[in-house]
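K.L.:
Questions regarding the structure given below will be posed in turn.
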Amino acid sequence: LEPYTPVGLVPGTQLQYKLFTRGATSWASNVTASASAPLVGIPMPDASYSWSSSDAKVLHVDPATGLATALRPGVATVTVSAADLELNSVHALVRVALPDYLTLTAQPIRTSPRSLAMPAPWTLVHEARYEVAVHVHDSDDRELLATANMHFEVELPRELVQPRNTSANGAAVWAMTKSASGPGSATARLVRLSRPLSLASHLASALAAVDLTARAVDGSAEFVVGPPLALLPSAV
(Lines give C-alpha, C1' and ligand atoms only; values in the text may rest on other atoms or scores of the structure.)
Protein backbone atom coordinates (compact mmCIF):
# COMPACT_ATOMS: atom_id res chain seq x y z
CA LEU A 1 0.00 0.00 0.00
CA GLU A 2 1.34 3.41 -0.88
CA PRO A 3 1.65 5.43 1.18
CA TYR A 4 1.79 2.85 3.97
CA THR A 5 3.11 5.22 6.66
CA PRO A 6 0.74 7.54 8.57
CA VAL A 7 -0.01 10.74 6.66
CA GLY A 8 -1.63 14.06 7.51
CA LEU A 9 -4.25 15.70 5.31
CA VAL A 10 -6.01 19.06 5.33
CA PRO A 11 -9.84 19.07 5.17
CA GLY A 12 -10.93 19.36 1.55
CA THR A 13 -7.84 17.63 0.12
CA GLN A 14 -7.49 14.23 -1.51
CA LEU A 15 -4.94 11.42 -1.64
CA GLN A 16 -4.96 8.56 -4.14
CA TYR A 17 -3.85 5.35 -2.48
CA LYS A 18 -2.06 2.74 -4.61
CA LEU A 19 -1.99 -1.02 -4.11
CA PHE A 20 0.94 -3.26 -5.02
CA THR A 21 1.70 -6.97 -4.98
CA ARG A 22 4.91 -8.92 -5.27
CA GLY A 23 5.66 -10.26 -8.73
CA ALA A 24 5.73 -14.05 -9.07
CA THR A 25 9.04 -15.86 -9.43
CA SER A 26 9.62 -19.44 -10.56
CA TRP A 27 11.65 -21.87 -8.45
CA ALA A 28 11.86 -25.63 -9.11
CA SER A 29 8.77 -25.40 -11.33
CA ASN A 30 6.75 -23.81 -8.49
CA VAL A 31 5.50 -20.24 -8.90
CA THR A 32 5.74 -18.28 -5.68
CA ALA A 33 5.84 -14.66 -4.52
CA SER A 34 9.37 -13.89 -3.40
CA ALA A 35 10.23 -11.13 -0.93
CA SER A 36 12.89 -10.01 -3.40
CA ALA A 37 10.49 -9.93 -6.34
CA PRO A 38 9.65 -6.48 -7.72
CA LEU A 39 6.48 -4.71 -6.68
CA VAL A 40 3.74 -4.68 -9.31
CA GLY A 41 0.98 -2.09 -9.23
CA ILE A 42 -2.66 -3.21 -9.24
CA PRO A 43 -4.78 -0.85 -11.39
CA MET A 44 -7.97 0.41 -9.78
CA PRO A 45 -10.89 -0.08 -9.88
CA ASP A 46 -10.57 -3.84 -9.49
CA ALA A 47 -13.53 -5.93 -8.38
CA SER A 48 -11.14 -8.20 -6.45
CA TYR A 49 -10.47 -5.45 -3.90
CA SER A 50 -12.57 -3.11 -1.79
CA TRP A 51 -11.57 0.03 0.12
CA SER A 52 -13.06 1.48 3.30
CA SER A 53 -12.57 4.12 6.01
CA SER A 54 -12.90 3.50 9.74
CA ASP A 55 -14.59 6.91 10.14
CA ALA A 56 -16.44 8.18 7.07
CA LYS A 57 -17.14 11.53 8.77
CA VAL A 58 -13.40 12.23 9.00
CA LEU A 59 -12.21 10.56 5.79
CA HIS A 60 -14.22 9.35 2.82
CA VAL A 61 -12.61 6.55 0.80
CA ASP A 62 -13.98 5.56 -2.60
CA PRO A 63 -14.73 1.83 -2.18
CA ALA A 64 -13.67 1.05 -5.76
CA THR A 65 -10.64 3.27 -6.39
CA GLY A 66 -9.05 4.03 -2.99
CA LEU A 67 -9.30 7.81 -3.46
CA ALA A 68 -9.30 9.31 0.05
CA THR A 69 -10.95 12.67 0.75
CA ALA A 70 -10.34 14.47 4.06
CA LEU A 71 -13.56 15.93 5.47
CA ARG A 72 -12.94 17.14 9.02
CA PRO A 73 -10.25 16.95 11.75
CA GLY A 74 -9.79 13.52 13.28
CA VAL A 75 -8.10 10.17 12.72
CA ALA A 76 -9.21 7.37 10.41
CA THR A 77 -7.79 4.12 9.09
CA VAL A 78 -7.84 3.25 5.39
CA THR A 79 -8.31 -0.48 4.72
CA VAL A 80 -8.12 -2.38 1.45
CA SER A 81 -9.23 -6.01 1.45
CA ALA A 82 -9.22 -8.83 -1.06
CA ALA A 83 -12.80 -9.84 -1.87
CA ASP A 84 -12.01 -13.57 -1.92
CA LEU A 85 -9.86 -13.60 1.23
CA GLU A 86 -11.03 -11.45 4.15
CA LEU A 87 -7.80 -11.83 6.13
CA ASN A 88 -5.76 -10.54 3.17
CA SER A 89 -5.95 -6.82 3.94
CA VAL A 90 -3.64 -3.86 4.58
CA HIS A 91 -4.19 -0.68 6.55
CA ALA A 92 -2.89 2.89 6.65
CA LEU A 93 -3.49 5.65 9.19
CA VAL A 94 -4.64 9.13 8.17
CA ARG A 95 -4.71 12.17 10.43
CA VAL A 96 -6.86 15.09 9.27
CA ALA A 97 -5.98 18.49 10.76
CA LEU A 98 -6.21 22.19 10.00
CA PRO A 99 -3.08 23.84 8.57
CA ASP A 100 -1.36 26.22 11.02
CA TYR A 101 1.92 27.38 9.47
CA LEU A 102 4.39 26.74 6.65
CA THR A 103 8.11 26.05 6.54
CA LEU A 104 10.46 26.06 3.56
CA THR A 105 13.46 23.91 2.65
CA ALA A 106 16.13 24.39 -0.01
CA GLN A 107 17.73 21.43 -1.77
CA PRO A 108 20.67 21.70 -4.18
CA ILE A 109 19.83 20.24 -7.59
CA ARG A 110 22.53 17.86 -8.74
CA THR A 111 22.61 14.58 -10.57
CA SER A 112 24.74 12.69 -8.04
CA PRO A 113 25.00 12.35 -5.14
CA ARG A 114 21.54 13.59 -4.17
CA SER A 115 21.67 16.29 -1.52
CA LEU A 116 19.45 16.53 1.52
CA ALA A 117 16.93 19.35 1.83
CA MET A 118 18.14 22.14 4.11
CA PRO A 119 15.87 23.56 6.80
CA ALA A 120 16.16 27.30 7.45
CA PRO A 121 18.44 29.15 7.75
CA TRP A 122 19.94 28.17 4.41
CA THR A 123 23.50 28.72 3.21
CA LEU A 124 23.42 29.04 -0.59
CA VAL A 125 26.30 29.48 -3.02
CA HIS A 126 26.63 31.66 -6.12
CA GLU A 127 25.15 30.51 -9.44
CA ALA A 128 23.79 27.21 -8.15
CA ARG A 129 20.40 25.56 -8.72
CA TYR A 130 18.04 24.81 -5.85
CA GLU A 131 14.58 23.38 -5.27
CA VAL A 132 12.64 25.40 -2.71
CA ALA A 133 9.81 23.33 -1.23
CA VAL A 134 6.86 24.34 0.94
CA HIS A 135 5.90 22.15 3.92
CA VAL A 136 2.56 22.40 5.75
CA HIS A 137 2.24 21.86 9.51
CA ASP A 138 -0.62 21.68 12.01
CA SER A 139 -0.67 23.34 15.43
CA ASP A 140 1.08 20.29 16.94
CA ASP A 141 4.05 20.71 14.54
CA ARG A 142 3.12 17.60 12.54
CA GLU A 143 3.55 17.76 8.79
CA LEU A 144 0.53 17.63 6.47
CA LEU A 145 0.66 16.74 2.78
CA ALA A 146 0.77 19.65 0.35
CA THR A 147 -1.71 18.16 -2.10
CA ALA A 148 -2.43 19.20 -5.68
CA ASN A 149 -5.52 21.27 -4.81
CA MET A 150 -3.62 23.36 -2.25
CA HIS A 151 -2.21 26.46 -3.95
CA PHE A 152 0.80 28.35 -2.61
CA GLU A 153 2.60 31.58 -3.36
CA VAL A 154 6.37 31.69 -2.79
CA GLU A 155 8.35 34.95 -2.90
CA LEU A 156 12.12 35.03 -3.37
CA PRO A 157 14.32 38.17 -3.41
CA ARG A 158 15.10 38.66 -7.10
CA GLU A 159 18.37 40.46 -6.41
CA LEU A 160 19.76 37.18 -5.01
CA VAL A 161 17.68 34.36 -6.51
CA GLN A 162 16.05 33.94 -9.92
CA PRO A 163 13.05 31.56 -10.07
CA ARG A 164 13.15 29.31 -13.16
CA ASN A 165 10.08 27.11 -12.81
CA THR A 166 7.22 26.37 -10.42
CA SER A 167 5.07 23.30 -9.76
CA ALA A 168 1.40 23.46 -10.72
CA ASN A 169 0.28 24.30 -7.18
CA GLY A 170 3.30 26.43 -6.28
CA ALA A 171 4.55 24.07 -3.55
CA ALA A 172 7.92 23.72 -5.29
CA VAL A 173 10.04 26.40 -6.95
CA TRP A 174 13.16 25.66 -8.97
CA ALA A 175 15.53 28.60 -8.83
CA MET A 176 19.12 29.67 -9.43
CA THR A 177 21.17 31.94 -7.23
CA LYS A 178 22.89 34.94 -8.78
CA SER A 179 26.49 36.11 -8.32
CA ALA A 180 25.44 38.67 -5.70
CA SER A 181 26.18 37.98 -2.03
CA GLY A 182 24.14 38.82 1.03
CA PRO A 183 21.29 37.80 3.33
CA GLY A 184 17.76 37.25 2.14
CA SER A 185 14.35 35.96 3.16
CA ALA A 186 11.94 33.64 1.34
CA THR A 187 8.24 33.72 2.19
CA ALA A 188 5.38 31.35 1.43
CA ARG A 189 1.62 31.60 1.81
CA LEU A 190 -1.27 29.17 1.36
CA VAL A 191 -3.47 31.09 -1.07
CA ARG A 192 -6.47 28.83 -1.58
CA LEU A 193 -7.88 25.32 -1.77
CA SER A 194 -9.52 24.45 -5.07
CA ARG A 195 -12.52 22.13 -5.06
CA PRO A 196 -11.83 18.56 -6.27
CA LEU A 197 -14.22 17.35 -8.94
CA SER A 198 -15.64 14.48 -6.89
CA LEU A 199 -17.71 14.54 -3.70
CA ALA A 200 -18.84 18.12 -4.27
CA SER A 201 -21.62 17.90 -1.68
CA HIS A 202 -19.29 16.50 1.00
CA LEU A 203 -16.54 19.02 0.36
CA ALA A 204 -18.50 22.24 0.85
CA SER A 205 -18.18 22.14 4.64
CA ALA A 206 -14.69 20.63 4.50
CA LEU A 207 -13.32 23.48 2.38
CA ALA A 208 -15.11 26.04 4.55
CA ALA A 209 -13.22 24.71 7.59
CA VAL A 210 -9.98 26.08 6.13
CA ASP A 211 -10.77 29.80 6.40
CA LEU A 212 -7.77 31.61 4.95
CA THR A 213 -9.49 34.99 5.28
CA ALA A 214 -9.68 34.74 9.06
CA ARG A 215 -6.07 33.68 9.59
CA ALA A 216 -3.18 33.45 7.15
CA VAL A 217 -1.26 30.19 6.83
CA ASP A 218 2.24 31.31 5.94
CA GLY A 219 5.93 30.98 6.78
CA SER A 220 9.39 32.24 5.93
CA ALA A 221 13.03 31.15 5.72
CA GLU A 222 16.13 33.24 6.22
CA PHE A 223 19.20 32.54 4.11
CA VAL A 224 22.52 33.90 2.95
CA VAL A 225 24.14 33.68 -0.49
CA GLY A 226 27.92 33.63 -0.86
CA PRO A 227 30.82 32.15 -2.80
CA PRO A 228 31.47 28.42 -2.51
CA LEU A 229 34.05 27.28 0.02
CA ALA A 230 37.52 26.43 -1.26
CA LEU A 231 40.08 24.21 0.41
CA LEU A 232 43.60 25.59 0.18
CA PRO A 233 46.10 24.47 -0.87
CA SER A 234 44.19 22.62 -3.58
CA ALA A 235 47.17 20.40 -4.34
CA VAL A 236 50.25 19.25 -2.50
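Each chain in the C-alpha coordinates gets a letter, A, B, ..., in the order shown, and its residues are numbered from 1; ligands are numbered from 1 in order too.
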Identify, with DSSP run on backbone atoms, the residues in segment 11-232 of chain A assigned to alpha helix (DSSP H), and express the list as a VMD selection string.
P.N.:
chain A and resid 200 to 209
K.L.:
How about saving the chosen residues, all heavy atoms kept, as a PDB file, in the first residue's frame?
P.N.:
ATOM      1  N   ALA A 200     -18.586  16.690  -4.412  1.00  0.00           N
ATOM      2  CA  ALA A 200     -18.840  18.122  -4.271  1.00  0.00           C
ATOM      3  C   ALA A 200     -19.706  18.434  -3.056  1.00  0.00           C
ATOM      4  O   ALA A 200     -19.463  19.395  -2.328  1.00  0.00           O
ATOM      5  CB  ALA A 200     -19.507  18.653  -5.540  1.00  0.00           C
ATOM      6  N   SER A 201     -20.725  17.625  -2.798  1.00  0.00           N
ATOM      7  CA  SER A 201     -21.617  17.900  -1.681  1.00  0.00           C
ATOM      8  C   SER A 201     -20.914  17.714  -0.339  1.00  0.00           C
ATOM      9  O   SER A 201     -21.167  18.448   0.618  1.00  0.00           O
ATOM     10  CB  SER A 201     -22.848  16.992  -1.757  1.00  0.00           C
ATOM     11  OG  SER A 201     -22.452  15.628  -1.722  1.00  0.00           O
ATOM     12  N   HIS A 202     -20.009  16.734  -0.246  1.00  0.00           N
ATOM     13  CA  HIS A 202     -19.289  16.495   0.996  1.00  0.00           C
ATOM     14  C   HIS A 202     -18.242  17.563   1.266  1.00  0.00           C
ATOM     15  O   HIS A 202     -17.939  17.880   2.415  1.00  0.00           O
ATOM     16  CB  HIS A 202     -18.585  15.130   0.954  1.00  0.00           C
ATOM     17  CG  HIS A 202     -19.504  13.956   0.918  1.00  0.00           C
ATOM     18  ND1 HIS A 202     -20.197  13.603  -0.201  1.00  0.00           N
ATOM     19  CD2 HIS A 202     -19.835  13.051   1.882  1.00  0.00           C
ATOM     20  CE1 HIS A 202     -20.930  12.521   0.048  1.00  0.00           C
ATOM     21  NE2 HIS A 202     -20.720  12.165   1.295  1.00  0.00           N
ATOM     22  N   LEU A 203     -17.693  18.149   0.201  1.00  0.00           N
ATOM     23  CA  LEU A 203     -16.543  19.022   0.362  1.00  0.00           C
ATOM     24  C   LEU A 203     -16.884  20.465   0.698  1.00  0.00           C
ATOM     25  O   LEU A 203     -16.014  21.229   1.096  1.00  0.00           O
ATOM     26  CB  LEU A 203     -15.701  19.001  -0.917  1.00  0.00           C
ATOM     27  CG  LEU A 203     -14.902  17.721  -1.127  1.00  0.00           C
ATOM     28  CD1 LEU A 203     -14.259  17.713  -2.503  1.00  0.00           C
ATOM     29  CD2 LEU A 203     -13.840  17.587  -0.060  1.00  0.00           C
ATOM     30  N   ALA A 204     -18.141  20.850   0.569  1.00  0.00           N
ATOM     31  CA  ALA A 204     -18.500  22.240   0.847  1.00  0.00           C
ATOM     32  C   ALA A 204     -18.123  22.629   2.274  1.00  0.00           C
ATOM     33  O   ALA A 204     -17.463  23.648   2.510  1.00  0.00           O
ATOM     34  CB  ALA A 204     -19.997  22.445   0.611  1.00  0.00           C
ATOM     35  N   SER A 205     -18.507  21.832   3.249  1.00  0.00           N
ATOM     36  CA  SER A 205     -18.180  22.139   4.642  1.00  0.00           C
ATOM     37  C   SER A 205     -16.713  21.902   4.936  1.00  0.00           C
ATOM     38  O   SER A 205     -16.111  22.610   5.751  1.00  0.00           O
ATOM     39  CB  SER A 205     -19.045  21.303   5.591  1.00  0.00           C
ATOM     40  OG  SER A 205     -18.840  19.919   5.362  1.00  0.00           O
ATOM     41  N   ALA A 206     -16.099  20.912   4.268  1.00  0.00           N
ATOM     42  CA  ALA A 206     -14.686  20.630   4.495  1.00  0.00           C
ATOM     43  C   ALA A 206     -13.819  21.798   4.052  1.00  0.00           C
ATOM     44  O   ALA A 206     -12.903  22.232   4.764  1.00  0.00           O
ATOM     45  CB  ALA A 206     -14.278  19.358   3.759  1.00  0.00           C
ATOM     46  N   LEU A 207     -14.082  22.340   2.876  1.00  0.00           N
ATOM     47  CA  LEU A 207     -13.315  23.477   2.384  1.00  0.00           C
ATOM     48  C   LEU A 207     -13.573  24.724   3.224  1.00  0.00           C
ATOM     49  O   LEU A 207     -12.670  25.538   3.431  1.00  0.00           O
ATOM     50  CB  LEU A 207     -13.653  23.748   0.918  1.00  0.00           C
ATOM     51  CG  LEU A 207     -13.196  22.678  -0.080  1.00  0.00           C
ATOM     52  CD1 LEU A 207     -13.780  22.939  -1.451  1.00  0.00           C
ATOM     53  CD2 LEU A 207     -11.680  22.631  -0.148  1.00  0.00           C
ATOM     54  N   ALA A 208     -14.792  24.879   3.716  1.00  0.00           N
ATOM     55  CA  ALA A 208     -15.111  26.042   4.553  1.00  0.00           C
ATOM     56  C   ALA A 208     -14.361  26.012   5.873  1.00  0.00           C
ATOM     57  O   ALA A 208     -14.128  27.056   6.494  1.00  0.00           O
ATOM     58  CB  ALA A 208     -16.614  26.097   4.801  1.00  0.00           C
ATOM     59  N   ALA A 209     -13.945  24.821   6.324  1.00  0.00           N
ATOM     60  CA  ALA A 209     -13.220  24.709   7.590  1.00  0.00           C
ATOM     61  C   ALA A 209     -11.854  25.362   7.512  1.00  0.00           C
ATOM     62  O   ALA A 209     -11.301  25.810   8.528  1.00  0.00           O
ATOM     63  CB  ALA A 209     -13.075  23.240   7.981  1.00  0.00           C
TER      64      ALA A 209
END
K.L.:
Would you mind listing what lies within 6 Å of Thr177 of chain A as a list in words, with only C-alpha atoms counted and same-chain residues fewer than 3 positions away left out?
P.N.:
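Listed by chain and then number, they are His126, Glu127, Ala128, Leu160 and Val161 of chain A.
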K.L.:
Can you pull out every residue within 6 Å of Gly8 of chain A, counting only C-alpha atoms, but drop anything in the same chain fewer than 4 positions away, and send it as an MDAnalysis selection string?
P.N.:
chainID A and resid 94:96 144:145
K.L.:
If we count only C-alpha atoms, what is near Glu155 of chain A at a cut-off of 8 Å, once residues fewer than 3 positions away on the same chain are taken out, given as a PyMOL selection string?
P.N.:
chain A and resi 186-188
K.L.:
Applying 6 Å and only C-alpha atoms, which residues near Val80 of chain A remain after dropping the ones on its own chain fewer than 4 positions away? List them as a PyMOL selection string.
P.N.:
chain A and resi 50-51+89-90
K.L.:
Between A:Pro45, A:Pro163, A:Pro183, A:Gly12, which residue has the minimum interatomic distance to Ala146 of chain A, considering only C-alpha atoms?
P.N.:
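Of A:Pro45, A:Pro163, A:Pro183, A:Gly12, the one nearest Ala146 of chain A is A:Gly12, counting only C-alpha atoms.
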K.L.:
Atom CA of Val210 of chain A and atom CA of Trp174 of chain A are how many Å apart?
P.N.:
27.6 Å
